[in-house]
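Worksheet for the structure shown next.
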Amino acid sequence: MFYNKYSSYNNIDLLKASKPRKTLTADAPDISNFITTSANLKKLANFGMSLLGFLPDFERLMFAGKMRGTEHCISHDVDDFEETWVSNEWIEAYNRHKASVADAEAWGLENIGSYDSNDDGYISNEESILWAQEDRGDSDPVNDGFESWRTDWISGVVHRTAPFERAGDVAGQDAGAYFENIDFMSNTGNCIKQKDNITADDAQALALADRAYFIDGGAYDQSFNFLDAIGADWDDVKDLMQNTLGGKSIYNIVMDRDYQDLSPRQAALFIAYAFEKRESAWQCLTDVFGPVTSTRDDEAMMAVVDSFINSNNPYVNHHALSLFPFFLEIQHSGINRLSTFYESVEGSGWEASVLDKARMWEFVQWMGGESYNNSDIDDADKTGKLYEFRNLFAEGEADEDATAYNAVNTLIDKWFGAANPENGRPVSESPGDDAEVALPDASDSGWVNISNLSVYAYNNSTSAWEEGFSAAYAYVPHVDHPAYSWDRKWVNTLYVKNSAGTVAEVNGYDAGWADIMYDLWSQGAINSRISPLVDGSGHPAYAASQTQGLMSLIAGAEFSNNWVIHAAGMFSRWGVGLDNSKMMEAWANRRVASARDSQNKKDYAERMDELQYEESALQRNALKKVAEKKTMFKKALEKAKGTKNTGKKPKTPSSNTGSGGGKSGGKTTYSNGSQSEYQKSLQKFSQRLLGGINKRKALLQKMKSGE
């Protein structure tokens, strides 16, 4: 399998110098942390995580992967009697915000006082589960008070979507398992945990997080320098949030009513902070997926996704890039909740919690939101903490007073004005897209001929739902406002008419809706393609619904025509996909290196044995020759002794004869002088032989040392 690199070595010392060592291989990529040197990715990661500051702690813990546990059991489901085991940390957050029994019953939760398990006069989310399954007052009980959709929770629940690709009960759940160094509970502005020894990269991330981008006249909005206009800076904002308000999340500050003791100036700084975080979250989604005003234009959105990935070196930042789909997954829940902080109507955002509904509206009124949205009140007479602060500059004659007055007015408009979809800002699905599309008349312009489709529709002439309504035309509404969030690809209700001119409604939940959408898209009447797999399913216009059967869609035409599928496919390929391929490559390299190292050790040992044997053979041959000479000398000596004893004159083998020379028994003998000369000659030969071996060793040693 591998070439034997030691087969050509003929010297032991050189072989020892090349002793096999463990092959170094590149480490496998870290796919459990957010690791990147990209300043832009760090900034956008913190931007996206800003949205979590508006969410309840138990939801943030779900995203962090800290819901499941073994410490606490929630019993639910009347039919199957399920048990869901959760961590103590999660259940404490789940039950943190409680409503008094009196308030809960006043808000419509009849008889819920009977479920106050510890008789403390308050009701928690967990205590409402059994009530929802057994009582619910005038409403029908639900089968599962923990998992069924209902709007009589105590706190923290708004409408959420089902998971995208990631496992979990709600979209975005357990994302933290893949990013252990992301702090999902951070309220400091920097969610990327730092090491004990702050490196340059760590310092860079902290510097990027420790500043304002949207309220200080920065690159995102150079015309709006609110802080400078009122004589404040970012340190003033941080001091308020970390010291005065205790480092809490925006959500907990409102739910705990901590804002009520703020001065008008502090109230303005608090809203400035909330505005900064809201805009940061939206900027992240805009930079990664495209502006909310383009969510019904697939080509425009796909171009943004491609540009974002290609400009951030996915070969290096693949795992860091895989964080960003999380923000698309959670934005449905996030924007529904976020909208309640500046809602124009109490209970916006598909609010499902009675305590939140009351506390959020109370907060909006306190800040001046209700007054802002009341056109019957003159601007000078509007009330609320923000207006109180603005009016402090109303009578000033200095230029700076006018600047401050206008800056506060702008903040009020930007904060509360985002609830108006005409401003092009993301808002919740309530009141919803359909509220903007009036029932068309059969003679209106905008009707497009479609294939004669048989659909389930509400016949407006008979005021009844009909099976097999023959739709020959579909109405294309001129929807100029954005899709409210990045989760809505189109309006939920389509209007159709038959050949006789009868108008009917086709709801997105019903079979035929997706077929009509595809027909309109294929004609170029709309720029938004809907996945064919959503037909007859719930919420077919949602981004989450587009991801049903995702892998088959990525491989087909949907990848190039549906921006949600395209985004999922691109992040799958360049994010998680590269994670997997890089891991497999690292593991393969390790296996090959390990096999090569094992083979090298074997080849080395075998060649060492061979060379040692060869060297030993040389030494044995030299010793054998010495032994032969000694044997020859011994025989000659014995022969010489034999001649002397017999008195015969030995035969001289050479010209060098002595008195003891002679021949005895056919053997040559030597005189004492000859014997001495012979011994000297034999010793010199042995010395030359051994000296040659030593010189060879010394030469090899010099070669080894490079001399």
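Chain labels run A, B, ... following the order of the structure tokens; each chain numbers its residues from 1, and ligands are numbered from 1 in the order shown.
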
Give me, as a Markdown table, the closest atom pair and its distance (Å, one decimal) for every residue of stretch 239-335 of chain A within a cut-off of 12 Å of stretch 520-524 of chain A, counting only C-alpha atoms, rows sorted by chain and rising number.
| residue | atom | partner | partner_atom | distance |
| --- | --- | --- | --- | --- |
| A:Arg296 | CA | A:Trp521 | CA | 11.1 |
| A:Asp297 | CA | A:Trp521 | CA | 10.8 |
| A:Asp298 | CA | A:Trp521 | CA | 10.7 |

>> Taking 5 positions as the minimum chain separation for residues in the same chain, which residues sit within 8 Å of stretch 530-535 of chain A when counting only C-alpha atoms? Answer as an MDAnalysis selection string.
In response: chainID A and resid 489 508:515 517:518 540:541 545:546 548:549 558 562

>> Rounded to one decimal, what separation in Å do you get between atom CA of A:Asn459 and atom CA of A:Ala504?
In response: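 Calculated distance between atom CA of A:Asn459 and atom CA of A:Ala504 is 4.4 Å.
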
>> Can you pull out every residue from stretch 349-524 of chain A that DSSP, working from the backbone, puts in strand (DSSP E), and format the result as a ChimeraX atom specification?
In response: /A:447-459,464-475,493-497,503-507

> Given the choices A:Ala99, A:Ala472, A:Ile516, A:Val576, which gets closest to A:Leu355 if the distance is worked out from only C-alpha atoms?
Replying inline: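 Among A:Ala99, A:Ala472, A:Ile516, A:Val576, it is A:Ala99 that comes nearest to A:Leu355.
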
>> Between atom CA of A:His76 and atom CA of A:Met185, what distance in Å does the model show, to one decimal?
In response: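 For atom CA of A:His76 relative to atom CA of A:Met185, the distance reads 27.8 Å.
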
> Near A:Phe275, within 9 Å and counting only C-alpha atoms, which residues show up once chain neighbours fewer than 6 positions away are dropped, as a ChimeraX atom specification?
Replying inline: /A:214-215,411,414-415

For the selection you just gave me, I'd like the residues written to a file as an mmCIF file, in the first residue's frame, keeping all heavy atoms.
data_model
loop_
_atom_site.group_PDB
_atom_site.id
_atom_site.type_symbol
_atom_site.label_atom_id
_atom_site.label_comp_id
_atom_site.auth_asym_id
_atom_site.auth_seq_id
_atom_site.Cartn_x
_atom_site.Cartn_y
_atom_site.Cartn_z
ATOM 1 N N PHE A 214 -26.947 52.663 15.170
ATOM 2 C CA PHE A 214 -28.160 53.211 14.577
ATOM 3 C C PHE A 214 -28.672 54.476 15.266
ATOM 4 O O PHE A 214 -29.612 55.090 14.783
ATOM 5 C CB PHE A 214 -29.274 52.157 14.591
ATOM 6 C CG PHE A 214 -28.927 50.935 13.792
ATOM 7 C CD1 PHE A 214 -28.295 49.852 14.383
ATOM 8 C CD2 PHE A 214 -29.202 50.878 12.442
ATOM 9 C CE1 PHE A 214 -27.964 48.736 13.651
ATOM 10 C CE2 PHE A 214 -28.879 49.764 11.692
ATOM 11 C CZ PHE A 214 -28.253 48.685 12.295
ATOM 12 N N ILE A 215 -28.078 54.867 16.389
ATOM 13 C CA ILE A 215 -28.556 56.056 17.107
ATOM 14 C C ILE A 215 -27.445 57.082 17.311
ATOM 15 O O ILE A 215 -27.589 58.013 18.106
ATOM 16 C CB ILE A 215 -29.168 55.677 18.473
ATOM 17 C CG1 ILE A 215 -28.151 54.910 19.324
ATOM 18 C CG2 ILE A 215 -30.456 54.893 18.299
ATOM 19 C CD1 ILE A 215 -28.617 54.618 20.736
ATOM 20 N N LEU A 411 -37.065 59.874 17.071
ATOM 21 C CA LEU A 411 -37.026 58.595 17.788
ATOM 22 C C LEU A 411 -38.439 58.067 18.003
ATOM 23 O O LEU A 411 -38.695 56.861 17.821
ATOM 24 C CB LEU A 411 -36.311 58.761 19.125
ATOM 25 C CG LEU A 411 -36.236 57.490 19.994
ATOM 26 C CD1 LEU A 411 -35.381 56.423 19.311
ATOM 27 C CD2 LEU A 411 -35.677 57.805 21.385
ATOM 28 N N LYS A 414 -39.713 56.751 14.681
ATOM 29 C CA LYS A 414 -39.048 55.513 14.284
ATOM 30 C C LYS A 414 -39.487 54.335 15.151
ATOM 31 O O LYS A 414 -39.645 53.212 14.661
ATOM 32 C CB LYS A 414 -37.524 55.680 14.360
ATOM 33 C CG LYS A 414 -36.929 56.530 13.241
ATOM 34 C CD LYS A 414 -35.432 56.671 13.413
ATOM 35 C CE LYS A 414 -34.786 57.407 12.243
ATOM 36 N NZ LYS A 414 -34.822 56.627 10.986
ATOM 37 N N TRP A 415 -39.683 54.595 16.446
ATOM 38 C CA TRP A 415 -40.033 53.501 17.353
ATOM 39 C C TRP A 415 -41.476 53.053 17.142
ATOM 40 O O TRP A 415 -41.741 51.881 16.859
ATOM 41 C CB TRP A 415 -39.805 53.924 18.796
ATOM 42 C CG TRP A 415 -40.138 52.849 19.792
ATOM 43 C CD1 TRP A 415 -41.160 52.856 20.697
ATOM 44 C CD2 TRP A 415 -39.452 51.611 19.980
ATOM 45 N NE1 TRP A 415 -41.155 51.692 21.431
ATOM 46 C CE2 TRP A 415 -40.111 50.912 21.013
ATOM 47 C CE3 TRP A 415 -38.344 51.017 19.370
ATOM 48 C CZ2 TRP A 415 -39.710 49.653 21.455
ATOM 49 C CZ3 TRP A 415 -37.938 49.764 19.808
ATOM 50 C CH2 TRP A 415 -38.611 49.104 20.829
#

>> Report as a PyMOL selection string all protein, DNA and RNA residues lying within 7 Å of stretch 18-27 of chain A, evaluated on only C-alpha atoms, omitting residues in the same chain fewer than 2 positions from it.
In response: chain A and resi 14-16+29+586+589-590+593+597+600-601

> Leaving out A:Glu276 and any residue of its chain fewer than 2 positions from it, which residues lie within 9 Å of it when counting only C-alpha atoms, given as a PyMOL selection string?
Replying inline: chain A and resi 50+212-215+271-274+278-281

Would you save the residues from that selection as a CSV table (one decimal), in the first residue's frame, using C-alpha atoms?
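Everything below was put into again_20.csv:
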chain,number,residue,atom,x,y,z
A,50,SER,CA,-30.1,41.2,19.7
A,212,ALA,CA,-24.0,52.0,18.8
A,213,TYR,CA,-24.7,51.7,15.0
A,214,PHE,CA,-28.2,53.2,14.6
A,215,ILE,CA,-28.6,56.1,17.1
A,271,ILE,CA,-36.1,53.4,24.1
A,272,ALA,CA,-32.9,54.4,22.2
A,273,TYR,CA,-31.3,51.2,23.4
A,274,ALA,CA,-34.3,49.1,22.4
A,278,ARG,CA,-34.3,46.2,17.1
A,279,GLU,CA,-32.6,47.8,14.1
A,280,SER,CA,-29.5,45.5,14.7
A,281,ALA,CA,-31.6,42.4,14.4

>> Which residue is closest to A:Ala300? Choose from A:Ala171, A:Val564, A:Val503, A:Leu637 and count only C-alpha atoms.
In response: A:Val564

>> Applying 6 Å and only C-alpha atoms, which residues near A:Gly176 remain after dropping the ones on its own chain fewer than 4 positions away? List them as a list in words.
In response: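 Close residues of A:Gly176: Ala64, Gly65 and Glu180 of chain A.
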
>> Please return, as a ChimeraX atom specification, all residues of stretch 394-430 of chain A that DSSP assigns to helix (DSSP H, G or I) on the basis of the backbone.
In response: /A:399-417,421-423

Filtering to N, CA, C and O atoms, could you give me those residues as a PDB file, in the first residue's frame?
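Okay, this is what ended up in out_0.pdb:
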ATOM      1  N   ASP A 399     -30.183  76.730  19.412  1.00  0.00           N
ATOM      2  CA  ASP A 399     -30.237  75.779  18.307  1.00  0.00           C
ATOM      3  C   ASP A 399     -30.204  74.338  18.810  1.00  0.00           C
ATOM      4  O   ASP A 399     -30.865  73.459  18.241  1.00  0.00           O
ATOM      5  N   GLU A 400     -29.415  74.124  19.876  1.00  0.00           N
ATOM      6  CA  GLU A 400     -29.313  72.766  20.383  1.00  0.00           C
ATOM      7  C   GLU A 400     -30.644  72.267  20.938  1.00  0.00           C
ATOM      8  O   GLU A 400     -30.928  71.071  20.936  1.00  0.00           O
ATOM      9  N   ASP A 401     -31.479  73.167  21.436  1.00  0.00           N
ATOM     10  CA  ASP A 401     -32.795  72.760  21.923  1.00  0.00           C
ATOM     11  C   ASP A 401     -33.663  72.279  20.764  1.00  0.00           C
ATOM     12  O   ASP A 401     -34.367  71.268  20.868  1.00  0.00           O
ATOM     13  N   ALA A 402     -33.637  72.998  19.677  1.00  0.00           N
ATOM     14  CA  ALA A 402     -34.415  72.591  18.508  1.00  0.00           C
ATOM     15  C   ALA A 402     -33.906  71.263  17.954  1.00  0.00           C
ATOM     16  O   ALA A 402     -34.694  70.397  17.538  1.00  0.00           O
ATOM     17  N   THR A 403     -32.581  71.103  17.983  1.00  0.00           N
ATOM     18  CA  THR A 403     -31.994  69.845  17.505  1.00  0.00           C
ATOM     19  C   THR A 403     -32.438  68.687  18.377  1.00  0.00           C
ATOM     20  O   THR A 403     -32.810  67.618  17.870  1.00  0.00           O
ATOM     21  N   ALA A 404     -32.404  68.886  19.682  1.00  0.00           N
ATOM     22  CA  ALA A 404     -32.824  67.834  20.607  1.00  0.00           C
ATOM     23  C   ALA A 404     -34.305  67.517  20.444  1.00  0.00           C
ATOM     24  O   ALA A 404     -34.720  66.343  20.437  1.00  0.00           O
ATOM     25  N   TYR A 405     -35.126  68.564  20.317  1.00  0.00           N
ATOM     26  CA  TYR A 405     -36.569  68.386  20.145  1.00  0.00           C
ATOM     27  C   TYR A 405     -36.848  67.532  18.907  1.00  0.00           C
ATOM     28  O   TYR A 405     -37.634  66.571  18.955  1.00  0.00           O
ATOM     29  N   ASN A 406     -36.204  67.852  17.828  1.00  0.00           N
ATOM     30  CA  ASN A 406     -36.421  67.117  16.580  1.00  0.00           C
ATOM     31  C   ASN A 406     -35.891  65.686  16.675  1.00  0.00           C
ATOM     32  O   ASN A 406     -36.481  64.759  16.105  1.00  0.00           O
ATOM     33  N   ALA A 407     -34.790  65.520  17.394  1.00  0.00           N
ATOM     34  CA  ALA A 407     -34.213  64.186  17.531  1.00  0.00           C
ATOM     35  C   ALA A 407     -35.142  63.266  18.323  1.00  0.00           C
ATOM     36  O   ALA A 407     -35.325  62.087  17.966  1.00  0.00           O
ATOM     37  N   VAL A 408     -35.738  63.788  19.386  1.00  0.00           N
ATOM     38  CA  VAL A 408     -36.672  62.977  20.170  1.00  0.00           C
ATOM     39  C   VAL A 408     -37.913  62.670  19.345  1.00  0.00           C
ATOM     40  O   VAL A 408     -38.443  61.548  19.375  1.00  0.00           O
ATOM     41  N   ASN A 409     -38.385  63.654  18.605  1.00  0.00           N
ATOM     42  CA  ASN A 409     -39.532  63.424  17.724  1.00  0.00           C
ATOM     43  C   ASN A 409     -39.234  62.316  16.718  1.00  0.00           C
ATOM     44  O   ASN A 409     -40.079  61.457  16.433  1.00  0.00           O
ATOM     45  N   THR A 410     -38.026  62.343  16.165  1.00  0.00           N
ATOM     46  CA  THR A 410     -37.632  61.315  15.196  1.00  0.00           C
ATOM     47  C   THR A 410     -37.588  59.945  15.847  1.00  0.00           C
ATOM     48  O   THR A 410     -38.023  58.946  15.251  1.00  0.00           O
ATOM     49  N   LEU A 411     -37.065  59.874  17.071  1.00  0.00           N
ATOM     50  CA  LEU A 411     -37.026  58.595  17.788  1.00  0.00           C
ATOM     51  C   LEU A 411     -38.439  58.067  18.003  1.00  0.00           C
ATOM     52  O   LEU A 411     -38.695  56.861  17.821  1.00  0.00           O
ATOM     53  N   ILE A 412     -39.356  58.951  18.389  1.00  0.00           N
ATOM     54  CA  ILE A 412     -40.749  58.538  18.599  1.00  0.00           C
ATOM     55  C   ILE A 412     -41.330  57.981  17.310  1.00  0.00           C
ATOM     56  O   ILE A 412     -41.977  56.926  17.294  1.00  0.00           O
ATOM     57  N   ASP A 413     -41.086  58.674  16.206  1.00  0.00           N
ATOM     58  CA  ASP A 413     -41.603  58.220  14.908  1.00  0.00           C
ATOM     59  C   ASP A 413     -40.998  56.883  14.495  1.00  0.00           C
ATOM     60  O   ASP A 413     -41.705  55.994  13.991  1.00  0.00           O
ATOM     61  N   LYS A 414     -39.713  56.751  14.681  1.00  0.00           N
ATOM     62  CA  LYS A 414     -39.048  55.513  14.284  1.00  0.00           C
ATOM     63  C   LYS A 414     -39.487  54.335  15.151  1.00  0.00           C
ATOM     64  O   LYS A 414     -39.645  53.212  14.661  1.00  0.00           O
ATOM     65  N   TRP A 415     -39.683  54.595  16.446  1.00  0.00           N
ATOM     66  CA  TRP A 415     -40.033  53.501  17.353  1.00  0.00           C
ATOM     67  C   TRP A 415     -41.476  53.053  17.142  1.00  0.00           C
ATOM     68  O   TRP A 415     -41.741  51.881  16.859  1.00  0.00           O
ATOM     69  N   PHE A 416     -42.422  53.951  17.259  1.00  0.00           N
ATOM     70  CA  PHE A 416     -43.827  53.576  17.145  1.00  0.00           C
ATOM     71  C   PHE A 416     -44.284  53.460  15.692  1.00  0.00           C
ATOM     72  O   PHE A 416     -45.201  52.695  15.382  1.00  0.00           O
ATOM     73  N   GLY A 417     -43.625  54.187  14.796  1.00  0.00           N
ATOM     74  CA  GLY A 417     -44.036  54.160  13.398  1.00  0.00           C
ATOM     75  C   GLY A 417     -43.757  52.847  12.707  1.00  0.00           C
ATOM     76  O   GLY A 417     -44.328  52.567  11.645  1.00  0.00           O
ATOM     77  N   PRO A 421     -47.212  49.179   8.402  1.00  0.00           N
ATOM     78  CA  PRO A 421     -46.525  48.483   7.300  1.00  0.00           C
ATOM     79  C   PRO A 421     -46.174  49.380   6.140  1.00  0.00           C
ATOM     80  O   PRO A 421     -45.293  49.051   5.346  1.00  0.00           O
ATOM     81  N   GLU A 422     -46.833  50.519   6.030  1.00  0.00           N
ATOM     82  CA  GLU A 422     -46.512  51.431   4.937  1.00  0.00           C
ATOM     83  C   GLU A 422     -45.107  52.015   5.076  1.00  0.00           C
ATOM     84  O   GLU A 422     -44.551  52.534   4.105  1.00  0.00           O
ATOM     85  N   ASN A 423     -44.537  51.912   6.265  1.00  0.00           N
ATOM     86  CA  ASN A 423     -43.179  52.416   6.478  1.00  0.00           C
ATOM     87  C   ASN A 423     -42.118  51.415   6.037  1.00  0.00           C
ATOM     88  O   ASN A 423     -40.918  51.697   6.140  1.00  0.00           O
TER      89      ASN A 423
END

>> Could you check the closest approach to A:Thr70 for each of A:Ala162, A:Leu262, A:Leu55, A:Val86 and tell me which residue wins, using only C-alpha atoms?
In response: A:Val86

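Among the candidates A:Ser333, A:Asn40, A:Gln260, A:Gln619, the residue lying nearest to A:Leu208 is A:Asn40 (atoms considered: only C-alpha atoms).
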
> Using only C-alpha atoms, which of the listed residues (A:Ala605, A:Ala636, A:Ala543, A:Leu690) sits closest to A:Asn4?
Replying inline: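 For A:Asn4, the nearest of the given residues is A:Ala605.
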
> Out of A:Gly69, A:Gly113, A:Gly569, A:Gly189, which residue has the shortest atom-to-atom distance to A:Ala209 when counting only C-alpha atoms?
Replying inline: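 Among the listed residues, the smallest separation from A:Ala209 belongs to A:Gly189.
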